[in-house]
Amino acid sequence: MNLLLPCAAPADDRFWTEAWPAFLQQTSMPPGAPVVMDFLDAFSKKILLDPGVRGAAAFAALAHWARRGHQQHYVRHLAALPGRRAACGVVLNLAPANVDTLFAYAWFASLLCGNATIVRVSSRSRPVIAPLLDILRGLLAEPRFAAVRDRTLLVSYEHDEQLTTRLSGGCQARLIWGGDETVRAIRALPLPATAREIAFGDRFSLAAFPAAHITALEPAGLQRLAEGFCRDAFTFGQKACASPRAVIFTGDAAACVTAAARFWPAVQAELRQRPDGFGEADGITRLAAAMALSTTVPGARVTLRPTDGTPPLVLLVPAWPAGLRDQHDGAGLFVQLDLPALAALAPHLTARDQTLVTAGFTPAELAAFTAHLPARAIDRIVAPGQALDFDPTAWDGHDLLSLLTREITFS
Amino acid sequence: MPETEIFFPAAGAYSVPWEEKQPRLLAGLNQLTARHAAGCPGYARALAALGWPTSPATRLAEVPYLPAQLFKRTLLASVPPDDIVRTLRSSGTTGQTPSRIALDRTTADLQARALGHLMREFVGPQRRPMVIVDEPVRIVAGGYTARGASQLGFAPLGRDHFQLLGPDGAPDVAGLRAWLATHARDRVLFVGMTAPVWELVLDGPVRTAGLRCSQPALLVHGGGWKKLAARQVSPAAFKAAARHLNITETRDYYGMVEQTGSIHVEDDDGSFVTPSSSDVLVRHPRTLEPMPDGETGLLQVFSLLPHSYPGHSILTEDLGRVISRDRSAAGRHGTRFAVLGRLPASELRGCSDAVSPPP
């Protein structure tokens, strides 16, 4: 195991005999502690002032999220929770490799609740997040942030049941940030009897637009829509659970054809302005996934496949493909399905489906849609560009700020 | 039973010049495309989705292909389920979905015949005493792994087989010593996967025990260099270590479970050479357009053997380069090529891999 924060070092025997027990002895901070707010705001400023770092869209998004003005919203949310709130104690986060910056959101949300926080990051993320870690190390070394430093452990190790069990042994909450395989593997490891566990499994996300809305958009509006859509889909190479992988146009058949003929070129044009985040292997995966999906759907047709091998690859299907969610690897593939109305989408959805990116539907259409959703299907309906916004007050249907604090009652 | 003379020429698997082989190979592949399109609805749909015709191709690069990944994602068969005699699985490391390949009697027979036919070039006409550097093949759910399939495929080339590993995976070094003693006058044949051969024989317990073949021996090994490359073991070091045991000749081979039987064996110059029943082509890793010989890209492999599943034209994720289509210095006809590792993969799926699943 390697320590990445508060400082970079291998976790040797001395760590386990000295630093680790001291970490577990830390008292909790009050939720929304000023030192945490100052720390997050200082971090945000450092990123936004660093031309080498702020250029990465994912880093800039994190910096905006961490700034004081935004965090105050969560502090108010914490204050409005019932009863007298206190931190859980020690929280262990097992962060995913698909969204490299998620470790920071998970850590910051837990800090904000007042918890001493352990985050295990994937070794695959380490090269990507290295510039963030440098900035964070510098901040944690400042005496004014000692309270944060003493309550922070960012570690990295290859899968190791013994280590995960050891880290779990000291915590009051364990968060497993997906997917299904990881949740299954980690859940089998013991937790203290009083600890709670929150697990996020594999999810699937979609976008839906009325064909008439796409057709009616002014060029500038279309470009804004494409920009938002690309941010949602491509910031993490379509691998975030909230990134749309299927696109539904609603309306009559001819209107859907017209809408698709406007929408996809706009997406392509937008993609040329930004790195798509894909490698050559993704191109093969994209093709293989499209072919695998078409084996089950007679009449499936690839309607867009740029000859230079860049995304997007669009597979138009006449019917919902079996195994859509398992076969789709998010490598720049979009499965397009045309439906007469948004309400017709509801029966196709399952508990696996998380985010629906939409624009142009009336409140009545959205209400009819949500009224017919199967159990647990769709946790979020968001506008283009907002799919990846991390909201700890409602993530996968959970209020993390409530779950990472506890209520002390007086009578 | 298909017409097989074209790919099992009497003069050997490396006897047909490329120009002569091309039209016959193409005709055979075209037949297979039509056969699979008629027999496997999923295959027909996948090609139709891309607008790829199933009508006869006029050159190799036009033969429609499937990405190798597709066999991990779905079981494609062109024969009724009752005709499937066994299912092969790729050995794949834990956590990866294995490929699944459905074999009917015809395809299984062709694979065995093709492998025997091409290996005679290297082993000679006589069966040789054989050491199998592996454990006994386990049959699971009506099929076995690629590793098992290659062991069973090579077995008919040998006699008096010695299985180096027990079912527990432990090498029987004392047993091998005794076996080698009884074959002191024979030129024995070792077969196995590259990494275990290195770990157990060339750089492992067999060598440590000081075992040595009395007569110059031959080693046939496959499965890729990834593990050994990570440990800085070069092919030259591998061959040098083999000579310590008096294994004077080693032949690597490149093959995959999707095209069992038509493997590409190492020619005397170290390149892989295609047998009469197959060929290779290189495609650009991003555009997937065919590339001129000599340039590095993704290997596409052709084989005339798959009759029960649409695996006659497969785009692999292996990087390679065609060296020559001329007759080699060792006198072999066939396309000679180099394999240069795998396309760096992003294997994340969905919100997965916070931690990889336990082995």
# chains A, B, ... in the order shown; residues from 1 in each chain; ligands from 1
>>> select_by_dssp(residues="range 43-240 of chain B", states="helix (DSSP H, G or I)", output="PyMOL selection string")
chain B and resi 43-50+60-62+70-73+81-83+105-123+146-157+173-182+194-202+205-208+226-230+235-240
>>> residues_around(residues="Pro171 in chain B", least_positions_apart="2", cutoff="10 Å", atoms="only C-alpha atoms", output="JSON list (two decimals) with C-alpha atoms, in the first residue's frame")
[["chain", "number", "residue", "atom", "x", "y", "z"],
["B", 133, "VAL", "CA", 4.40, -29.13, -20.13],
["B", 134, "ASP", "CA", 0.93, -28.83, -18.71],
["B", 135, "GLU", "CA", -1.57, -30.52, -16.47],
["B", 163, "GLN", "CA", 2.56, -35.18, -18.62],
["B", 164, "LEU", "CA", 4.91, -32.92, -16.68],
["B", 165, "LEU", "CA", 2.29, -31.50, -14.33],
["B", 166, "GLY", "CA", -0.10, -33.40, -12.12],
["B", 167, "PRO", "CA", -3.71, -32.33, -11.68],
["B", 168, "ASP", "CA", -2.44, -30.19, -8.76],
["B", 169, "GLY", "CA", -0.14, -28.27, -11.13],
["B", 173, "VAL", "CA", 10.72, -33.74, -12.15],
["B", 174, "ALA", "CA", 11.77, -37.20, -10.93],
["B", 175, "GLY", "CA", 9.27, -38.76, -13.32],
["B", 176, "LEU", "CA", 10.69, -36.73, -16.19],
["B", 200, "LEU", "CA", 8.93, -24.83, -15.06],
["B", 201, "VAL", "CA", 11.41, -26.12, -17.58],
["B", 204, "GLY", "CA", 12.62, -23.64, -13.33],
["B", 205, "PRO", "CA", 12.71, -26.95, -11.49],
["B", 206, "VAL", "CA", 13.59, -29.05, -14.55]]
>>> atom_distance(atom1="CA of Lys226 in chain B", atom2="CA of Met256 in chain B")
14.8 Å
>>> interface_residues(of="chain A", to="chain B", cutoff="7 Å", atoms="only C-alpha atoms", output="NGL selection string")
:A and (94-98 or 122 or 159 or 177-182 or 185 or 202-203 or 239-241 or 280-283 or 288 or 291-292 or 294-296 or 298 or 300-302 or 307-309 or 329-330)
>>> select_by_dssp(residues="range 76-219 of chain B", states="strand (DSSP E or B)", output="PDB file with C-alpha atoms, in the first residue's frame")
ATOM      1  CA  ILE B  84     -22.207 -28.870 -31.688  1.00  0.00           C
ATOM      2  CA  VAL B  85     -19.863 -31.505 -30.312  1.00  0.00           C
ATOM      3  CA  ARG B  86     -17.853 -29.250 -28.042  1.00  0.00           C
ATOM      4  CA  THR B  87     -17.328 -25.641 -27.040  1.00  0.00           C
ATOM      5  CA  LEU B  88     -13.862 -24.155 -26.759  1.00  0.00           C
ATOM      6  CA  ARG B  89     -13.151 -21.356 -24.318  1.00  0.00           C
ATOM      7  CA  ARG B 100     -16.656 -19.258 -26.664  1.00  0.00           C
ATOM      8  CA  ILE B 101     -16.363 -21.194 -29.895  1.00  0.00           C
ATOM      9  CA  ALA B 102     -18.897 -23.829 -31.003  1.00  0.00           C
ATOM     10  CA  LEU B 103     -17.397 -26.750 -32.897  1.00  0.00           C
ATOM     11  CA  ASP B 104     -19.238 -29.315 -34.965  1.00  0.00           C
ATOM     12  CA  ARG B 128       8.103 -38.520 -31.331  1.00  0.00           C
ATOM     13  CA  PRO B 129       8.160 -39.191 -27.597  1.00  0.00           C
ATOM     14  CA  MET B 130       6.357 -36.147 -26.214  1.00  0.00           C
ATOM     15  CA  VAL B 131       6.599 -34.129 -23.005  1.00  0.00           C
ATOM     16  CA  ILE B 132       3.473 -32.087 -22.335  1.00  0.00           C
ATOM     17  CA  VAL B 133       4.403 -29.126 -20.130  1.00  0.00           C
ATOM     18  CA  VAL B 140     -15.744 -28.441 -18.178  1.00  0.00           C
ATOM     19  CA  GLY B 143     -15.843 -28.139 -23.639  1.00  0.00           C
ATOM     20  CA  TYR B 144     -12.359 -27.106 -22.704  1.00  0.00           C
ATOM     21  CA  THR B 145      -9.980 -24.182 -22.805  1.00  0.00           C
ATOM     22  CA  GLY B 158       3.659 -37.654 -30.123  1.00  0.00           C
ATOM     23  CA  ARG B 159       3.886 -41.053 -28.503  1.00  0.00           C
ATOM     24  CA  ASP B 160       4.583 -42.317 -25.015  1.00  0.00           C
ATOM     25  CA  HIS B 161       3.422 -38.934 -23.695  1.00  0.00           C
ATOM     26  CA  PHE B 162       4.794 -37.626 -20.426  1.00  0.00           C
ATOM     27  CA  GLN B 163       2.557 -35.178 -18.622  1.00  0.00           C
ATOM     28  CA  LEU B 165       2.288 -31.502 -14.335  1.00  0.00           C
ATOM     29  CA  PRO B 171       5.865 -30.689 -11.863  1.00  0.00           C
ATOM     30  CA  LEU B 189       9.385 -33.221 -28.438  1.00  0.00           C
ATOM     31  CA  PHE B 190       8.271 -30.734 -25.775  1.00  0.00           C
ATOM     32  CA  VAL B 191       4.991 -28.849 -26.179  1.00  0.00           C
ATOM     33  CA  GLY B 192       3.479 -26.242 -23.902  1.00  0.00           C
ATOM     34  CA  MET B 193       2.561 -22.634 -23.316  1.00  0.00           C
ATOM     35  CA  ALA B 217      15.162 -32.050 -28.798  1.00  0.00           C
ATOM     36  CA  LEU B 218      12.447 -29.802 -30.236  1.00  0.00           C
ATOM     37  CA  LEU B 219      10.210 -27.450 -28.251  1.00  0.00           C
TER      38      LEU B 219
END
>>> atom_distance(atom1="CA of Ala38 in chain B", atom2="CA of His328 in chain A")
26.8 Å
>>> residues_around(residues="Gly83 in chain A", least_positions_apart="5", cutoff="12 Å", atoms="only C-alpha atoms", output="mmCIF file with N, CA and C atoms, in the first residue's frame")
data_model
loop_
_atom_site.group_PDB
_atom_site.id
_atom_site.type_symbol
_atom_site.label_atom_id
_atom_site.label_comp_id
_atom_site.auth_asym_id
_atom_site.auth_seq_id
_atom_site.Cartn_x
_atom_site.Cartn_y
_atom_site.Cartn_z
ATOM 1 N N LEU A 78 -26.877 20.638 5.123
ATOM 2 C CA LEU A 78 -26.527 19.923 6.362
ATOM 3 C C LEU A 78 -27.262 20.530 7.553
ATOM 4 N N SER A 402 -26.568 13.208 4.483
ATOM 5 C CA SER A 402 -27.347 12.645 5.582
ATOM 6 C C SER A 402 -26.742 11.304 6.028
ATOM 7 N N THR A 405 -23.467 11.597 8.094
ATOM 8 C CA THR A 405 -23.575 12.222 9.416
ATOM 9 C C THR A 405 -24.571 11.392 10.217
ATOM 10 N N ARG A 406 -24.710 11.724 11.479
ATOM 11 C CA ARG A 406 -25.728 11.029 12.283
ATOM 12 C C ARG A 406 -26.452 12.077 13.117
ATOM 13 N N GLU A 407 -27.566 11.668 13.630
ATOM 14 C CA GLU A 407 -28.391 12.590 14.403
ATOM 15 C C GLU A 407 -28.220 12.252 15.885
ATOM 16 N N ILE A 408 -27.873 13.263 16.677
ATOM 17 C CA ILE A 408 -27.814 13.038 18.125
ATOM 18 C C ILE A 408 -29.109 13.573 18.721
ATOM 19 N N THR A 409 -29.800 12.755 19.453
ATOM 20 C CA THR A 409 -31.090 13.205 20.001
ATOM 21 C C THR A 409 -30.924 13.608 21.468
ATOM 22 N N PHE A 410 -31.714 14.534 21.877
ATOM 23 C CA PHE A 410 -31.743 14.997 23.273
ATOM 24 C C PHE A 410 -33.168 14.814 23.776
ATOM 25 N N SER A 411 -33.308 14.420 25.013
ATOM 26 C CA SER A 411 -34.676 14.413 25.542
ATOM 27 C C SER A 411 -34.648 14.834 26.999
#
>>> atom_distance(atom1="CA of Phe103 in chain A", atom2="CA of Val119 in chain A")
6.7 Å
>>> residues_around(residues="Leu319 in chain B", least_positions_apart="3", cutoff="7 Å", atoms="only C-alpha atoms", output="PyMOL selection string")
chain B and resi 296-299+339-343
>>> write_last_selection(atoms="N, CA and C atoms", output="mmCIF file, in the first residue's frame")
data_model
loop_
_atom_site.group_PDB
_atom_site.id
_atom_site.type_symbol
_atom_site.label_atom_id
_atom_site.label_comp_id
_atom_site.auth_asym_id
_atom_site.auth_seq_id
_atom_site.Cartn_x
_atom_site.Cartn_y
_atom_site.Cartn_z
ATOM 1 N N THR B 296 2.984 -1.400 -39.588
ATOM 2 C CA THR B 296 2.470 -2.027 -38.368
ATOM 3 C C THR B 296 1.025 -1.609 -38.103
ATOM 4 N N GLY B 297 0.207 -2.579 -37.808
ATOM 5 C CA GLY B 297 -1.198 -2.311 -37.504
ATOM 6 C C GLY B 297 -1.822 -3.521 -36.842
ATOM 7 N N LEU B 298 -3.136 -3.590 -36.900
ATOM 8 C CA LEU B 298 -3.843 -4.714 -36.299
ATOM 9 C C LEU B 298 -3.814 -5.910 -37.240
ATOM 10 N N LEU B 299 -3.608 -7.079 -36.688
ATOM 11 C CA LEU B 299 -3.594 -8.292 -37.503
ATOM 12 C C LEU B 299 -5.011 -8.783 -37.733
ATOM 13 N N VAL B 339 4.588 -10.460 -34.730
ATOM 14 C CA VAL B 339 3.577 -10.014 -33.777
ATOM 15 C C VAL B 339 4.266 -9.089 -32.779
ATOM 16 N N LEU B 340 3.715 -7.909 -32.612
ATOM 17 C CA LEU B 340 4.411 -6.876 -31.832
ATOM 18 C C LEU B 340 3.617 -6.472 -30.602
ATOM 19 N N GLY B 341 2.935 -7.408 -30.021
ATOM 20 C CA GLY B 341 2.203 -7.102 -28.786
ATOM 21 C C GLY B 341 0.760 -6.765 -29.041
ATOM 22 N N ARG B 342 0.099 -6.355 -27.977
ATOM 23 C CA ARG B 342 -1.327 -6.102 -28.048
ATOM 24 C C ARG B 342 -1.616 -4.615 -28.083
ATOM 25 N N LEU B 343 -2.709 -4.274 -28.723
ATOM 26 C CA LEU B 343 -3.169 -2.892 -28.690
ATOM 27 C C LEU B 343 -3.431 -2.538 -27.225
#
>>> residues_around(residues="Phe7 in chain B", least_positions_apart="2", cutoff="12 Å", atoms="only C-alpha atoms", output="ChimeraX atom specification")
/B:2-5,9-16,20-29,110-111,113-115,117-118,262,274-279,303-305,334
